file protein08.txt (compact mmCIF, C-alpha atoms)
# COMPACT_ATOMS: atom_id res chain seq x y z
CA MET T 1 58.05 236.25 155.05
CA SER T 2 56.32 239.59 155.60
CA ASP T 3 54.02 241.19 153.03
CA LYS T 4 56.22 244.29 152.88
CA SER T 5 59.19 242.33 151.57
CA ALA T 6 56.97 240.60 149.01
CA GLU T 7 55.53 243.87 147.77
CA ALA T 8 59.03 245.33 147.43
CA THR T 9 59.93 242.71 144.80
CA ASN T 10 60.30 244.62 141.54
CA VAL T 11 61.80 242.94 138.49
CA THR T 12 62.87 244.88 135.42
CA PRO T 13 62.77 242.96 132.11
CA CYS T 14 66.25 242.16 130.85
CA LYS T 15 67.64 240.68 127.67
CA HIS T 16 68.59 237.37 129.28
CA HIS T 17 64.98 236.87 130.43
CA ALA T 18 63.76 236.31 126.89
CA LYS T 19 63.31 232.83 125.51
CA HIS T 20 65.65 231.98 122.63
CA GLU T 21 65.27 229.44 119.88
CA PHE T 22 67.08 226.13 120.16
CA CYS T 23 70.56 226.08 118.64
CA THR T 24 70.71 223.72 115.65
CA THR T 25 74.17 224.65 114.34
CA ARG T 26 76.13 223.36 117.32
CA ALA T 27 78.58 220.52 116.68
CA LYS T 28 77.13 217.07 117.27
CA TYR T 29 79.64 216.17 119.98
CA ARG T 30 78.50 219.26 121.94
CA GLN T 31 74.79 219.02 121.26
CA GLY T 32 73.74 216.49 123.85
CA ARG T 33 70.57 214.44 123.92
CA GLU T 34 68.24 217.45 123.93
CA LEU T 35 68.39 220.69 122.00
CA LYS T 36 69.34 223.70 124.11
CA ALA T 37 69.48 227.41 123.42
CA VAL T 38 72.31 227.90 125.95
CA LYS T 39 74.67 225.01 126.62
CA VAL T 40 76.66 226.29 129.61
CA TYR T 41 76.02 228.96 132.23
CA THR T 42 78.84 230.63 134.14
CA ILE T 43 78.70 231.25 137.86
CA ASN T 44 77.90 234.90 137.14
CA ASP T 45 74.81 233.93 135.14
CA GLU T 46 73.47 231.49 137.72
CA SER T 47 71.48 232.67 140.69
CA GLN T 48 69.14 231.50 143.42
CA HIS T 49 66.56 233.91 141.97
CA LEU T 50 64.40 232.48 139.17
CA LEU T 51 61.67 233.77 136.90
CA VAL T 52 59.01 231.34 135.69
CA HIS T 53 57.39 232.56 132.47
CA ASP T 54 54.32 231.43 130.50
CA VAL T 55 52.25 230.31 133.49
CA PRO T 56 48.55 230.28 132.55
CA SER T 57 46.70 233.16 134.24
CA ILE T 58 44.05 231.04 135.95
CA GLY T 59 45.18 231.47 139.55
CA LEU T 60 47.92 228.87 139.82
CA THR T 61 49.93 230.43 142.65
CA ASN T 62 49.48 227.47 145.00
CA GLU T 63 50.31 225.02 142.22
CA ILE T 64 53.52 226.93 141.43
CA LYS T 65 54.48 226.88 145.10
CA ARG T 66 54.00 223.12 145.32
CA LEU T 67 55.86 222.56 142.06
CA THR T 68 58.90 224.65 142.98
CA ALA T 69 59.05 223.24 146.52
CA LYS T 70 59.93 219.81 145.11
CA PHE T 71 63.50 220.96 144.38
CA GLY T 72 64.36 222.73 147.62
CA VAL T 73 63.39 225.33 150.18
CA THR T 74 61.78 228.39 148.60
CA GLU T 75 62.06 231.62 150.52
CA GLU T 76 59.64 233.54 148.30
CA VAL T 77 57.18 232.74 145.52
CA LYS T 78 55.23 235.61 144.06
CA MET T 79 53.35 236.51 140.89
CA LEU T 80 54.76 239.61 139.17
CA SER T 81 51.70 241.54 138.14
CA ASP T 82 53.72 244.49 136.76
CA TYR T 83 56.03 242.35 134.61
CA PRO T 84 55.21 242.74 130.87
CA CYS T 85 54.21 239.39 129.34
CA THR T 86 54.38 238.49 125.68
CA ASN T 87 51.04 236.71 126.03
CA GLU T 88 48.15 238.40 127.81
CA PHE T 89 46.85 235.06 129.05
CA THR T 90 50.01 234.14 130.95
CA ASN T 91 51.76 235.34 134.10
CA VAL T 92 55.35 235.50 135.35
CA TYR T 93 56.31 234.22 138.79
CA TYR T 94 59.33 235.12 140.87
CA VAL T 95 60.90 232.29 142.89
CA LYS T 96 63.76 232.60 145.34
CA TYR T 97 65.53 229.48 146.62
CA ARG T 98 67.65 229.27 149.73
CA HIS T 99 70.59 227.64 147.94
CA LEU T 100 71.98 228.00 144.44
CA ARG T 101 72.16 224.24 143.83
CA GLU T 102 68.40 224.01 144.42
CA ALA T 103 67.70 226.79 141.94
CA ARG T 104 70.00 225.15 139.40
CA GLN T 105 68.14 221.87 139.70
CA ALA T 106 64.74 223.58 139.48
CA LYS T 107 65.69 225.44 136.32
CA LYS T 108 66.99 222.28 134.70
CA ARG T 109 63.85 220.29 135.50
CA LEU T 110 61.18 222.94 134.96
CA ASP T 111 62.44 224.69 131.85
CA ASN T 112 60.41 223.74 128.78
CA ARG T 113 58.09 221.61 130.92
CA SER T 114 54.39 221.28 130.18
CA PHE T 115 52.29 222.94 132.88
CA PHE T 116 48.51 223.22 132.49
CA GLY T 117 48.80 223.22 128.71
CA ASN T 118 51.72 225.68 128.41
CA LEU T 119 55.47 225.13 128.14
CA LEU T 120 57.21 226.91 130.99
CA HIS T 121 60.25 229.08 130.44
CA VAL T 122 62.55 229.38 133.49
CA CYS T 123 65.48 231.80 133.58
CA TYR T 124 67.96 233.10 136.13
CA ALA T 125 67.65 236.61 137.57
CA PRO T 126 71.13 237.41 138.96
CA GLU T 127 70.42 241.14 138.89
CA MET T 128 68.22 240.65 141.97
CA GLU T 129 71.06 239.35 144.13
CA THR T 130 72.29 241.35 147.08
CA PRO T 131 76.05 241.90 147.55
CA VAL T 132 76.01 239.34 150.37
CA GLU T 133 74.34 236.70 148.19
CA CYS T 134 76.71 237.35 145.32
CA ARG T 135 79.75 237.07 147.59
CA ARG T 136 78.47 233.83 149.09
CA LYS T 137 77.82 232.39 145.62
CA LEU T 138 81.34 233.16 144.42
CA ASN T 139 82.93 231.82 147.61
CA GLU T 140 81.01 228.55 147.31
CA ARG T 141 82.16 228.15 143.73
CA PHE T 142 85.77 228.90 144.66
CA SER T 143 85.66 226.29 147.44
CA PHE T 144 84.17 223.71 145.06
CA VAL T 145 86.92 224.24 142.49
CA GLN T 146 89.59 223.95 145.17
CA LYS T 147 88.17 220.62 146.39
CA CYS T 148 88.18 219.27 142.83
CA PHE T 149 91.87 220.02 142.27
CA LYS T 150 93.20 219.27 145.77
CA PRO T 151 93.25 215.43 145.45
CA ARG T 152 95.28 215.68 142.24
CA ARG T 153 97.86 217.94 143.84
CA ASP T 154 98.13 215.66 146.88
CA CYS T 155 98.61 212.56 144.71
CA LYS T 156 101.25 214.28 142.62
CA SER T 157 103.23 215.49 145.62
CA GLN T 158 103.00 212.06 147.28
CA PHE T 159 104.24 210.39 144.09
CA ARG T 160 107.24 212.71 143.96
CA LYS T 161 108.10 211.99 147.60
CA THR T 162 107.93 208.24 146.96
CA ILE T 163 110.20 208.48 143.91
CA ASP T 164 112.75 210.60 145.77
CA ALA T 165 112.81 208.22 148.75
CA GLU T 166 113.29 205.15 146.55
CA SER T 167 116.03 206.81 144.50
CA LYS T 168 118.03 207.52 147.67
CA THR T 169 117.77 204.02 149.11
CA SER T 170 117.99 201.92 145.94
CA ASP T 171 121.21 200.42 144.52
CA VAL T 172 121.82 201.18 140.87
CA ASN T 173 123.92 198.07 140.20
CA THR T 174 121.49 195.51 141.59
CA PHE T 175 118.22 194.28 140.24
CA SER T 176 115.71 191.82 141.68
CA PRO T 177 112.81 190.33 139.69
CA ASN T 178 110.54 190.68 142.73
CA ALA T 179 111.45 194.32 143.31
CA ASN T 180 108.83 197.02 143.25
CA VAL T 181 108.61 198.33 139.67
CA SER T 182 107.30 201.73 140.78
CA GLY T 183 110.81 203.03 141.46
CA THR T 184 113.14 205.11 139.35
CA TRP T 185 114.48 204.19 135.91
CA SER T 186 117.84 203.32 137.46
CA ASN T 187 116.18 200.37 139.21
CA LEU T 188 114.47 199.19 136.06
CA LEU T 189 117.62 199.33 133.91
CA PRO T 190 120.61 197.63 135.71
CA LEU T 191 123.37 198.65 133.33
CA SER T 192 126.03 196.46 134.98
CA SER T 193 124.00 193.27 134.45
CA TYR T 194 124.31 193.44 130.68
CA ALA T 195 127.52 193.34 128.63
CA THR T 196 127.66 195.06 125.30
CA VAL T 197 129.10 193.05 122.41
CA PRO T 198 130.49 194.84 119.35
CA ALA T 199 128.65 194.08 116.12
CA THR T 200 131.84 192.87 114.33
CA ALA T 201 132.62 190.40 117.10
CA ALA T 202 129.09 189.01 117.06
CA LYS T 203 129.27 188.35 113.28
CA THR T 204 132.69 186.67 113.30
CA GLY T 205 132.14 184.77 116.55
CA THR T 206 135.34 186.14 118.05
CA LYS T 207 135.71 185.67 121.79
CA LEU T 208 136.33 188.83 123.76
CA CYS T 209 138.03 187.12 126.74
CA SER T 210 141.04 184.81 127.10
CA ASP T 211 139.19 182.48 129.46
CA GLU T 212 138.17 179.23 127.71
CA SER T 213 134.88 179.20 129.69
CA CYS T 214 133.67 182.28 127.84

call {"tool": "encode", "arguments": {"input": "protein08.txt", "output": "structure tokens"}}
result
Amino acid sequence: MSDKSAEATNVTPCKHHAKHEFCTTRAKYRQGRELKAVKVYTINDESQHLLVHDVPSIGLTNEIKRLTAKFGVTEEVKMLSDYPCTNEFTNVYYVKYRHLREARQAKKRLDNRSFFGNLLHVCYAPEMETPVECRRKLNERFSFVQKCFKPRRDCKSQFRKTIDAESKTSDVNTFSPNANVSGTWSNLLPLSSYATVPATAAKTGTKLCSDESC
């Protein structure tokens, strides 16, 4: 990448860049194994642009490049000299990944990680996205959600087709023990195979037919 594009990187401090305290009032079933300040990020909050805070200011640019490259292809890694730091002995680095899934994995693995004696703080920087990157991110998420729900819709429609086909071809008055039990309720309940006996006749033992074989 050219030096001009790197010099043009200008990040304005935002509220979501700050590090928050861990939430201790969250319900136990939602807490998870580790304490988190934010439990879930929406697709609008996520981004392929990351900011790495609290890096010791001892010239660790190459180390940051090697560390971030473990999670995917980085298009740009640069120290933000104009970004205001809470600690004068630390620096903030800007990292841009090629894909969102790589940035998501890097944030999950690097956040609150010990690095040369300091705990790193990694946050998303969605305000640095271009309209093209934002559109691509939303389209990828939309396609992912569609793939998740498509198998369920296909199975449901196929089940309905099977039920309708069996209901048309099955005989209501016949029942076979070896028949497929995945059919309609009319196949499972052969009404003509069972005779109803009044309660008074069952108590008195009265025969309901004139045939002596009954």

call {"tool": "atom_distance", "arguments": {"input": "protein08.txt", "atom1": "CA of His49 in chain T", "atom2": "CA of Thr24 in chain T"}}
result
28.5 Å

call {"tool": "atom_distance", "arguments": {"input": "protein08.txt", "atom1": "CA of Arg30 in chain T", "atom2": "CA of Leu50 in chain T"}}
result
25.9 Å

call {"tool": "residues_around", "arguments": {"input": "protein08.txt", "residues": "Lys96 in chain T", "least_positions_apart": "4", "cutoff": "8 Å", "atoms": "only C-alpha atoms", "output": "PyMOL selection string"}}
result
chain T and resi 48-50+74-77+103

call {"tool": "closest_residue", "arguments": {"input": "protein08.txt", "among": "T:Thr25, T:Asn10, T:Ser143, T:Asn87", "to": "Asn118 in chain T", "atoms": "only C-alpha atoms"}}
result
T:Asn87

call {"tool": "atom_distance", "arguments": {"input": "protein08.txt", "atom1": "CA of Lys78 in chain T", "atom2": "CA of Val11 in chain T"}}
result
11.3 Å

call {"tool": "closest_residue", "arguments": {"input": "protein08.txt", "among": "T:Glu88, T:Arg136, T:Tyr29, T:Phe71", "to": "Ser57 in chain T", "atoms": "all atoms listed in the file"}}
result
T:Glu88

call {"tool": "closest_residue", "arguments": {"input": "protein08.txt", "among": "T:Val95, T:Cys134, T:Ile43, T:Ala27", "to": "Lys65 in chain T", "atoms": "only C-alpha atoms"}}
result
T:Val95

call {"tool": "closest_residue", "arguments": {"input": "protein08.txt", "among": "T:Cys123, T:Leu138, T:His17, T:Thr12", "to": "Leu80 in chain T", "atoms": "only C-alpha atoms"}}
result
T:Thr12

call {"tool": "closest_residue", "arguments": {"input": "protein08.txt", "among": "T:His53, T:His16, T:Lys137, T:Lys70", "to": "Asp111 in chain T", "atoms": "all atoms listed in the file"}}
result
T:His53

call {"tool": "residues_around", "arguments": {"input": "protein08.txt", "residues": "Leu110 in chain T", "least_positions_apart": "4", "cutoff": "7 Å", "atoms": "only C-alpha atoms", "output": "list in words"}}
result
Ala106, Leu120 and Val122 of chain T

call {"tool": "write_last_selection", "arguments": {"input": "protein08.txt", "atoms": "C-alpha atoms", "output": "mmCIF file, in the coordinates of the input"}}
result
data_model
loop_
_atom_site.group_PDB
_atom_site.id
_atom_site.type_symbol
_atom_site.label_atom_id
_atom_site.label_comp_id
_atom_site.auth_asym_id
_atom_site.auth_seq_id
_atom_site.Cartn_x
_atom_site.Cartn_y
_atom_site.Cartn_z
ATOM 1 C CA ALA T 106 64.740 223.580 139.480
ATOM 2 C CA LEU T 120 57.210 226.910 130.990
ATOM 3 C CA VAL T 122 62.550 229.380 133.490
#

call {"tool": "closest_residue", "arguments": {"input": "protein08.txt", "among": "T:Val92, T:Gly117, T:Ala165, T:Arg98", "to": "Ala69 in chain T", "atoms": "all atoms listed in the file"}}
result
T:Arg98

call {"tool": "residues_around", "arguments": {"input": "protein08.txt", "residues": "Leu60 in chain T", "least_positions_apart": "3", "cutoff": "12 Å", "atoms": "all atoms listed in the file", "output": "list in words"}}
result
Asp54, Val55, Pro56, Ser57, Glu63, Ile64, Lys65, Arg66, Leu67, Val77, Lys78, Met79, Thr90, Asn91, Val92, Tyr93, Phe115 and Phe116 of chain T
